[in-house]
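*Asks:* TSV, C-alpha atoms, saved as coords_34.tsv, coming up:
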```tsv
chain	number	residue	atom	x	y	z
A	1	MET	CA	318.26	-67.93	189.79
A	2	TRP	CA	320.16	-64.89	188.54
A	3	PRO	CA	317.93	-64.47	185.46
A	4	LEU	CA	314.93	-64.34	187.81
A	5	VAL	CA	316.59	-61.68	189.95
A	6	TYR	CA	317.54	-59.76	186.80
A	7	ASP	CA	313.95	-59.88	185.50
A	8	ALA	CA	312.53	-58.86	188.88
A	9	TYR	CA	314.92	-55.91	189.04
A	10	TYR	CA	313.89	-54.58	185.66
A	11	CYS	CA	310.20	-55.18	186.39
A	12	LEU	CA	310.61	-53.12	189.55
A	13	LYS	CA	312.36	-50.38	187.59
A	14	ALA	CA	309.55	-50.38	185.02
A	15	ASP	CA	306.93	-50.15	187.78
A	16	GLN	CA	308.80	-47.24	189.33
A	17	LYS	CA	308.82	-45.45	185.98
A	18	VAL	CA	305.08	-45.97	185.58
A	19	MET	CA	304.44	-44.78	189.13
A	20	SER	CA	306.69	-41.76	188.63
A	21	ARG	CA	304.91	-40.86	185.43
A	22	HIS	CA	301.57	-41.29	187.19
A	23	ILE	CA	302.68	-38.95	189.99
A	24	VAL	CA	303.91	-36.36	187.48
A	25	VAL	CA	300.60	-36.50	185.62
A	26	LYS	CA	298.71	-36.05	188.89
A	27	ILE	CA	300.86	-33.05	189.83
A	28	LEU	CA	300.39	-31.46	186.41
A	29	ILE	CA	296.63	-31.99	186.50
A	30	SER	CA	296.41	-30.59	190.04
A	31	ALA	CA	298.46	-27.54	189.05
A	32	ALA	CA	296.29	-27.01	185.97
A	33	VAL	CA	293.11	-27.25	188.05
A	34	MET	CA	294.44	-24.77	190.63
A	35	LEU	CA	295.52	-22.38	187.87
A	36	PHE	CA	292.22	-22.77	186.06
A	37	PHE	CA	290.05	-22.04	189.08
A	38	GLY	CA	292.36	-19.62	190.86
A	39	GLY	CA	293.45	-17.72	187.76
A	40	PRO	CA	290.27	-15.64	187.34
A	41	LEU	CA	290.81	-14.18	190.82
A	42	PHE	CA	294.11	-12.60	189.79
A	43	LEU	CA	293.84	-11.90	186.07
A	44	PRO	CA	293.93	-8.24	184.97
A	45	GLY	CA	290.43	-7.04	184.19
A	46	ALA	CA	289.24	-10.07	186.12
A	47	ASP	CA	285.58	-9.07	186.36
A	48	LEU	CA	284.74	-10.56	182.97
A	49	TYR	CA	286.60	-13.79	183.74
A	50	LEU	CA	285.04	-14.06	187.18
A	51	LEU	CA	281.58	-13.63	185.70
A	52	VAL	CA	282.11	-16.13	182.88
A	53	PHE	CA	283.83	-18.79	184.95
A	54	GLY	CA	281.37	-18.31	187.79
A	55	LEU	CA	278.49	-18.97	185.41
A	56	ALA	CA	280.44	-21.91	183.99
A	57	CYS	CA	280.59	-23.38	187.51
A	58	PHE	CA	276.86	-22.74	187.83
A	59	TYR	CA	276.08	-24.57	184.59
A	60	ALA	CA	278.39	-27.38	185.66
A	61	THR	CA	276.27	-27.75	188.81
A	62	LEU	CA	273.14	-27.85	186.70
A	63	ALA	CA	274.68	-30.46	184.40
A	64	LEU	CA	275.78	-32.55	187.40
A	65	ALA	CA	272.19	-32.54	188.64
A	66	TRP	CA	271.00	-33.74	185.24
A	67	ASN	CA	273.76	-36.34	185.13
A	68	ILE	CA	272.70	-37.77	188.49
A	69	PHE	CA	269.35	-38.68	186.98
A	70	ALA	CA	271.05	-39.98	183.82
A	71	LEU	CA	272.75	-42.60	186.02
A	72	SER	CA	269.39	-44.38	186.12
A	73	GLY	CA	269.52	-44.95	182.36
A	74	LEU	CA	266.74	-42.52	181.41
A	75	LEU	CA	267.04	-39.36	179.35
A	76	SER	CA	265.26	-36.23	180.54
A	77	LEU	CA	264.47	-33.28	178.28
A	78	GLY	CA	262.34	-31.49	180.85
A	79	HIS	CA	264.66	-30.59	183.71
A	80	ALA	CA	263.90	-26.94	183.02
A	81	ALA	CA	260.57	-27.60	184.78
A	82	PHE	CA	262.39	-28.15	188.09
A	83	PHE	CA	264.64	-25.18	187.38
A	84	GLY	CA	261.71	-22.86	186.76
A	85	LEU	CA	259.73	-24.11	189.75
A	86	GLY	CA	262.75	-23.61	191.97
A	87	ALA	CA	263.25	-20.08	190.67
A	88	TYR	CA	259.61	-19.04	191.06
A	89	GLY	CA	259.19	-20.88	194.35
A	90	ALA	CA	262.17	-19.11	195.92
A	91	VAL	CA	261.22	-15.65	194.67
A	92	LEU	CA	257.53	-15.95	195.60
A	93	LEU	CA	258.39	-17.16	199.09
A	94	GLU	CA	260.62	-14.12	199.53
A	95	ASN	CA	258.15	-11.63	198.08
A	96	TRP	CA	254.91	-12.98	199.54
A	97	GLY	CA	256.05	-15.01	202.52
A	98	HIS	CA	258.97	-12.75	203.50
A	99	TRP	CA	261.26	-15.75	203.84
A	100	PRO	CA	265.03	-15.26	204.15
A	101	THR	CA	266.79	-15.81	200.84
A	102	TYR	CA	268.63	-19.06	201.43
A	103	PRO	CA	265.76	-20.93	203.16
A	104	ALA	CA	263.53	-19.75	200.30
A	105	ILE	CA	266.00	-21.16	197.77
A	106	MET	CA	266.04	-24.49	199.60
A	107	ALA	CA	262.24	-24.53	199.71
A	108	GLY	CA	262.14	-23.72	195.99
A	109	GLY	CA	264.30	-26.78	195.42
A	110	ALA	CA	261.80	-28.81	197.45
A	111	LEU	CA	259.02	-27.59	195.13
A	112	GLY	CA	260.99	-28.90	192.17
A	113	MET	CA	261.50	-32.18	194.03
A	114	VAL	CA	257.75	-32.58	194.59
A	115	TYR	CA	257.21	-32.22	190.86
A	116	GLY	CA	259.97	-34.77	190.31
A	117	CYS	CA	258.12	-37.22	192.57
A	118	LEU	CA	255.00	-36.72	190.47
A	119	TRP	CA	257.06	-37.53	187.39
A	120	SER	CA	258.21	-40.76	188.99
A	121	LEU	CA	254.64	-41.83	189.64
A	122	ALA	CA	253.23	-40.72	186.30
A	123	PHE	CA	256.06	-41.96	184.06
A	124	GLN	CA	257.12	-45.12	185.88
A	125	ARG	CA	256.19	-47.34	182.92
A	126	LEU	CA	257.88	-45.18	180.28
A	127	ARG	CA	261.34	-45.89	178.92
A	128	GLY	CA	263.68	-44.53	176.27
A	129	ALA	CA	262.34	-41.97	173.83
A	130	TYR	CA	258.87	-42.19	175.37
A	131	PHE	CA	260.17	-40.96	178.71
A	132	ALA	CA	262.19	-38.20	177.03
A	133	LEU	CA	259.14	-36.93	175.12
A	134	ALA	CA	256.93	-37.17	178.20
A	135	SER	CA	259.44	-35.16	180.23
A	136	LEU	CA	259.54	-32.52	177.50
A	137	ALA	CA	255.75	-32.28	177.51
A	138	ALA	CA	255.64	-32.16	181.32
A	139	MET	CA	257.88	-29.11	181.25
A	140	GLU	CA	255.03	-27.15	179.67
A	141	ILE	CA	252.57	-27.74	182.51
A	142	PRO	CA	254.15	-25.46	185.15
A	143	ARG	CA	255.06	-22.93	182.45
A	144	VAL	CA	251.43	-22.58	181.35
A	145	VAL	CA	250.20	-22.38	184.95
A	146	ILE	CA	252.71	-19.70	185.92
A	147	ASP	CA	252.17	-17.81	182.68
A	148	ASN	CA	248.43	-17.54	183.34
A	149	TRP	CA	248.42	-17.03	187.12
A	150	GLU	CA	249.03	-13.32	186.77
A	151	THR	CA	247.84	-12.30	190.23
A	152	LEU	CA	250.60	-14.34	191.82
A	153	THR	CA	253.40	-14.54	189.26
A	154	SER	CA	252.77	-11.45	187.05
A	155	GLY	CA	252.32	-13.83	184.13
A	156	SER	CA	254.46	-13.36	181.06
A	157	LEU	CA	255.76	-10.03	182.39
A	158	GLY	CA	257.82	-11.93	184.92
A	159	ILE	CA	259.21	-10.74	188.23
A	160	VAL	CA	261.87	-8.04	188.24
A	161	GLY	CA	263.95	-6.35	190.90
A	162	ILE	CA	265.05	-9.58	192.56
A	163	SER	CA	267.74	-8.87	195.12
A	164	ARG	CA	271.25	-10.20	194.82
A	165	LEU	CA	272.36	-13.08	196.99
A	166	PRO	CA	272.90	-11.82	200.55
A	167	SER	CA	275.92	-12.53	202.72
A	168	LEU	CA	276.19	-16.13	203.83
A	169	SER	CA	277.06	-16.75	207.48
A	170	ILE	CA	278.74	-20.03	208.44
A	171	GLY	CA	279.43	-19.81	212.15
A	172	SER	CA	281.68	-16.81	212.66
A	173	LEU	CA	282.56	-16.71	208.95
A	174	VAL	CA	280.61	-14.21	206.84
A	175	ILE	CA	280.85	-14.54	203.05
A	176	PRO	CA	279.58	-11.47	201.12
A	177	VAL	CA	278.26	-13.53	198.21
A	178	GLY	CA	276.41	-10.82	196.35
A	179	ASP	CA	278.71	-7.90	197.12
A	180	ASN	CA	281.40	-8.62	194.54
A	181	LEU	CA	282.20	-11.01	191.72
A	182	GLN	CA	285.05	-12.67	193.63
A	183	SER	CA	282.71	-13.83	196.39
A	184	GLN	CA	280.06	-14.84	193.87
A	185	TYR	CA	282.62	-16.85	191.93
A	186	CYS	CA	283.79	-18.65	195.08
A	187	PHE	CA	280.19	-19.38	196.09
A	188	LEU	CA	279.35	-20.89	192.70
A	189	PHE	CA	282.59	-22.86	192.66
A	190	PHE	CA	281.92	-24.41	196.07
A	191	LEU	CA	278.32	-25.13	195.06
A	192	MET	CA	279.66	-27.04	192.07
A	193	ALA	CA	282.23	-28.82	194.23
A	194	ALA	CA	279.57	-29.85	196.77
A	195	VAL	CA	277.26	-31.29	194.11
A	196	GLY	CA	280.24	-32.97	192.43
A	197	LEU	CA	281.21	-34.60	195.72
A	198	LEU	CA	277.62	-35.76	196.21
A	199	HIS	CA	277.64	-37.21	192.68
A	200	TRP	CA	280.93	-38.98	193.35
A	201	ARG	CA	279.73	-40.46	196.64
A	202	ALA	CA	276.46	-41.55	195.07
A	203	MET	CA	278.26	-43.44	192.30
A	204	ARG	CA	280.30	-45.38	194.85
A	205	SER	CA	277.45	-46.23	197.19
A	206	LYS	CA	275.11	-49.21	197.18
A	207	TRP	CA	272.57	-46.95	195.53
A	208	GLY	CA	275.07	-46.12	192.76
A	209	TRP	CA	275.79	-49.79	192.09
A	210	GLY	CA	272.06	-50.42	191.94
A	211	LEU	CA	271.73	-47.69	189.32
A	212	ARG	CA	274.55	-49.27	187.32
A	213	ALA	CA	272.70	-52.56	187.39
A	214	ILE	CA	269.45	-50.89	186.29
A	215	ARG	CA	271.22	-49.05	183.49
A	216	GLY	CA	272.88	-52.24	182.30
A	217	ASP	CA	269.87	-54.55	182.36
A	218	GLU	CA	266.74	-53.43	184.14
A	219	GLU	CA	265.01	-56.81	184.13
A	220	ALA	CA	268.07	-58.64	185.44
A	221	ALA	CA	268.51	-56.03	188.17
A	222	GLU	CA	264.90	-56.47	189.24
A	223	VAL	CA	265.31	-60.24	189.36
A	224	LEU	CA	268.34	-59.77	191.61
A	225	GLY	CA	266.25	-57.75	194.05
A	226	VAL	CA	266.98	-54.17	193.01
A	227	ASN	CA	263.97	-51.92	193.57
A	228	VAL	CA	263.95	-50.28	190.14
A	229	PHE	CA	261.11	-47.86	190.83
A	230	GLY	CA	262.45	-46.86	194.24
A	231	TYR	CA	265.98	-46.27	192.96
A	232	ARG	CA	264.78	-44.21	190.01
A	233	CYS	CA	262.36	-42.24	192.15
A	234	LEU	CA	265.10	-41.39	194.64
A	235	THR	CA	267.44	-40.41	191.80
A	236	LEU	CA	264.87	-38.14	190.18
A	237	CYS	CA	264.00	-36.53	193.53
A	238	LEU	CA	267.64	-35.74	194.24
A	239	SER	CA	268.27	-34.48	190.72
A	240	SER	CA	265.14	-32.32	190.67
A	241	TYR	CA	265.93	-30.86	194.09
A	242	ILE	CA	269.42	-29.76	193.06
A	243	THR	CA	268.03	-28.37	189.80
A	244	GLY	CA	265.39	-26.43	191.72
A	245	VAL	CA	268.04	-24.97	194.03
A	246	CYS	CA	270.00	-23.92	190.94
A	247	GLY	CA	266.86	-22.17	189.69
A	248	GLY	CA	266.56	-20.19	192.92
A	249	VAL	CA	270.23	-19.20	192.77
A	250	TYR	CA	269.86	-18.20	189.12
A	251	ALA	CA	266.95	-15.88	189.90
A	252	HIS	CA	269.17	-13.93	192.29
A	253	LEU	CA	272.11	-13.93	189.91
A	254	VAL	CA	270.22	-12.31	187.03
A	255	GLY	CA	267.71	-10.27	189.05
A	256	LEU	CA	264.61	-11.19	187.03
A	257	ILE	CA	262.65	-14.22	185.89
A	258	GLU	CA	259.86	-14.87	183.42
A	259	PRO	CA	258.25	-18.10	182.20
A	260	ALA	CA	259.87	-18.04	178.77
A	261	MET	CA	263.24	-17.51	180.42
A	262	VAL	CA	263.29	-20.39	182.91
A	263	PHE	CA	260.98	-22.89	181.17
A	264	ASN	CA	262.65	-23.21	177.78
A	265	LEU	CA	264.04	-26.00	175.65
A	266	GLN	CA	267.50	-24.47	175.41
A	267	LEU	CA	267.86	-24.54	179.17
A	268	ALA	CA	266.54	-28.10	179.23
A	269	ALA	CA	269.00	-29.28	176.56
A	270	PHE	CA	272.09	-27.42	177.76
A	271	PRO	CA	272.89	-29.78	180.68
A	272	LEU	CA	272.51	-32.74	178.31
A	273	VAL	CA	274.97	-31.19	175.84
A	274	LEU	CA	277.49	-30.43	178.58
A	275	SER	CA	277.26	-33.97	179.94
A	276	LEU	CA	277.63	-35.59	176.53
A	277	PHE	CA	280.55	-33.33	175.65
A	278	GLY	CA	282.39	-33.94	178.91
A	279	GLY	CA	281.31	-37.53	179.49
A	280	ARG	CA	277.96	-38.85	180.62
A	281	TYR	CA	277.85	-40.91	183.86
A	282	ALA	CA	281.26	-39.53	184.93
A	283	VAL	CA	281.59	-36.97	187.71
A	284	LEU	CA	284.15	-34.97	185.76
A	285	GLY	CA	282.09	-35.09	182.57
A	286	PRO	CA	279.62	-32.25	183.22
A	287	ILE	CA	282.33	-30.18	184.90
A	288	ILE	CA	284.71	-30.53	181.96
A	289	GLY	CA	281.89	-29.84	179.53
A	290	ALA	CA	280.72	-26.67	181.26
A	291	LEU	CA	284.19	-25.29	181.97
A	292	THR	CA	285.21	-25.88	178.36
A	293	LEU	CA	282.18	-24.99	176.27
A	294	TYR	CA	280.80	-21.97	178.12
A	295	PRO	CA	284.07	-19.99	178.41
A	296	LEU	CA	284.96	-21.00	174.84
A	297	ASP	CA	281.70	-19.53	173.59
A	298	GLN	CA	281.72	-16.39	175.74
A	299	LEU	CA	285.41	-15.47	175.64
A	300	VAL	CA	286.58	-16.75	172.26
A	301	LEU	CA	283.88	-17.47	169.71
A	302	GLN	CA	281.45	-14.62	170.35
A	303	PRO	CA	284.11	-11.84	170.42
A	304	TRP	CA	285.87	-13.19	167.31
A	305	LEU	CA	282.86	-14.36	165.31
A	306	PRO	CA	279.78	-12.44	166.45
A	307	GLN	CA	277.72	-13.66	163.50
A	308	GLY	CA	278.95	-17.22	163.01
A	309	HIS	CA	279.97	-18.30	166.49
A	310	ALA	CA	277.01	-20.67	166.88
A	311	ALA	CA	278.10	-22.70	163.83
A	312	ILE	CA	281.67	-23.05	165.12
A	313	TYR	CA	280.33	-23.88	168.57
A	314	GLY	CA	278.20	-26.67	167.14
A	315	LEU	CA	281.10	-27.94	165.03
A	316	VAL	CA	283.35	-28.15	168.10
A	317	ILE	CA	280.71	-30.19	169.92
A	318	ILE	CA	280.19	-32.54	166.95
A	319	LEU	CA	283.91	-33.14	166.41
A	320	THR	CA	284.51	-33.75	170.10
A	321	ILE	CA	281.70	-36.27	170.34
A	322	PHE	CA	282.93	-37.90	167.11
A	323	PHE	CA	286.50	-38.36	168.35
A	324	PHE	CA	285.54	-38.89	172.01
A	325	PRO	CA	282.22	-40.78	171.95
A	326	ARG	CA	282.38	-41.21	175.72
A	327	GLY	CA	283.23	-37.54	176.25
A	328	LEU	CA	286.42	-35.72	177.11
A	329	ALA	CA	286.48	-37.33	180.55
A	330	SER	CA	287.30	-40.65	178.87
A	331	TRP	CA	290.77	-39.26	178.20
A	332	PHE	CA	291.53	-39.50	181.91
A	333	SER	CA	290.92	-43.25	181.80
A	334	ARG	CA	293.93	-43.51	179.48
A	335	LEU	CA	296.31	-42.05	182.02
A	336	PRO	CA	298.89	-44.46	183.47
A	337	LYS	CA	297.65	-46.27	186.54
A	338	ASN	CA	299.53	-47.62	189.54
A	339	SER	CA	300.24	-51.33	189.24
```
Take the structure in the file and give it back as structure tokens.

*Replies:*
Amino acid sequence: MWPLVYDAYYCLKADQKVMSRHIVVKILISAAVMLFFGGPLFLPGADLYLLVFGLACFYATLALAWNIFALSGLLSLGHAAFFGLGAYGAVLLENWGHWPTYPAIMAGGALGMVYGCLWSLAFQRLRGAYFALASLAAMEIPRVVIDNWETLTSGSLGIVGISRLPSLSIGSLVIPVGDNLQSQYCFLFFLMAAVGLLHWRAMRSKWGWGLRAIRGDEEAAEVLGVNVFGYRCLTLCLSSYITGVCGGVYAHLVGLIEPAMVFNLQLAAFPLVLSLFGGRYAVLGPIIGALTLYPLDQLVLQPWLPQGHAAIYGLVIILTIFFFPRGLASWFSRLPKNS
């Protein structure tokens, strides 16, 4: 009997050590996150850091939107179409329809969602590389239309003089989003957090499990009663809506838009790169990717290597994907777990 008691005692001690280590890791990660996001608000000469990290949060939101659609097992290279439609839709509703800014941004997202629904209908039989190429080609359709509809969109000249984001009222709370970089940073951070929470909830819902089944084996999922087309259509609609909203926000952040600026391959590929770098299908993946790569490029590589920063940037991405094929977020799966 005593050997059993002895073994149980040491097993309990070992479990306590694992749990203690797990708690310490959680505390350290929480402190690092708070320092990372709160630091730019208090750093000397914080304007640059607020701008860079605010845009990093924005690109993380964009990558999260792309990653939501990636949960369905398809690869999109044309999400810039939704981004551009959201940007132009929001600005045109403000300029021509005299809509308030935030409702116009939401309506611009709806315009992107409508185009996403059309994708679902037109490309429902395409898979793999065929879908990716079709999405890339479909990105050109709204670009050509907007580029040639000069009476409405000013064509290739674009639209300039777009106002900054106005103050946001939530009950009695008024947030001066466009008045200073601190408020803009907080707005973009909470936008990222909201989309991240939506992504997290989606992954743990019945819909998320259906997407896992589709991604694993589409035919088996369909046999088991999963509505493959419906699930993918809903996923693309949600992803395109968020991307369109990001486009409307972006138009007010930079103050101008033009077709070549919002309908371009670089903008279409950037969310994919961020998701692969951080970890595709994981909620933290796009966030880690954006908050690592964008500040690294803007604050470190470009100031130190103005001419060769792109090569180093690409090398960092390649090495990270080589050593972490599932992205940097996979490192968190190696942390000690509670027994």

*Asks:* Would you mind telling me which residue in A:Asn227, A:Met139, A:Tyr88, A:Cys233 lies nearest to A:Gly155 when using only C-alpha atoms?

*Replies:*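 Selected residue with least distance to A:Gly155: A:Tyr88.
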
*Asks:* Find the residue from A:Cys57, A:Leu136, A:Ala251, A:Ile146 that sits nearest to A:Phe190; use all atoms listed in the file when measuring.

*Replies:*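 Nearest to A:Phe190: A:Cys57.
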
*Asks:* So the first atom is atom CA of A:Leu157 and the second is atom CA of A:Met261; what is the distance between them in Å, to one decimal place?

*Replies:*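 It comes out at 10.8 Å.
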
*Asks:* Find the residues near A:Ala60: any atom within 7 Å, counting only C-alpha atoms, skip ones fewer than 2 places away on the same chain, and give them as a PyMOL selection string.

*Replies:* chain A and resi 56-58+62-64+192+286-287+290

*Asks:* Check the smallest atom-to-atom distance from each of A:Leu168, A:Val52, A:Ile105, A:Ala329 to A:Val283 using only C-alpha atoms, then report the winner.

*Replies:*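 Ranking A:Leu168, A:Val52, A:Ile105, A:Ala329 by distance to A:Val283, first place goes to A:Ala329.
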
*Asks:* Of the candidates A:Val114, A:Leu234, A:Ala311, A:Leu284, which shows the shortest atom-to-atom distance to A:Leu197, using all atoms listed in the file?

*Replies:*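 For A:Leu197, the nearest of the candidates is A:Leu284.
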
*Asks:* Smallest atom-to-atom distance to A:Leu121: which of A:Phe189, A:Phe270, A:Phe324, A:Phe229, using all atoms listed in the file?

*Replies:* A:Phe229

*Asks:* As a ChimeraX atom specification, please: the residues near A:Ala104 (cut-off 12 Å, only C-alpha atoms, same-chain neighbours under 4 positions excluded).

*Replies:* /A:86-100,108-111,165,244-245,247-249,251-252

*Asks:* Could you jot down the atom CA of A:Ile175 to atom CA of A:Tyr250 separation for me, Å, one decimal place?

*Replies:*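 We find that atom CA of A:Ile175 and atom CA of A:Tyr250 lie 18.1 Å from each other.
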
*Asks:* Taking 6 positions as the minimum chain separation for residues in the same chain, which residues sit within 9 Å of A:Gly54 when counting only C-alpha atoms? Answer as a list in words.

*Replies:*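 Here the qualifying residues turn out to be Leu181, Gln182, Gln184, Tyr185, Cys186, Phe187, Leu188 and Phe189 of chain A.
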
*Asks:* Could you pull out every residue with an atom within 9 Å of (284.5, -34.3, 171.9), file coordinates, counting all atoms listed in the file, and send them as a ChimeraX atom specification?

*Replies:* /A:276-279,316-328

*Asks:* One decimal, Å: what's the distance from atom CA of A:Gly230 over to atom CA of A:Phe82, could you say?

*Replies:* 19.7 Å

*Asks:* Box for stretch 60-70 of chain A: with edges along x, y and z, all listed atoms inside and 6 Å added on each side, what are the centre and edge lengths in Å to one decimal, as lines of an AutoDock Vina configuration file?

*Replies:*
```
center_x = 273.9
center_y = -33.7
center_z = 186.3
size_x = 21.0
size_y = 24.6
size_z = 17.0
```

*Asks:* Taking all atoms listed in the file into account, which of A:Leu315, A:Leu152, A:Val195, A:Val144 comes nearest A:Tyr241?

*Replies:*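 Nearest candidate to A:Tyr241 out of A:Leu315, A:Leu152, A:Val195, A:Val144: A:Val195.
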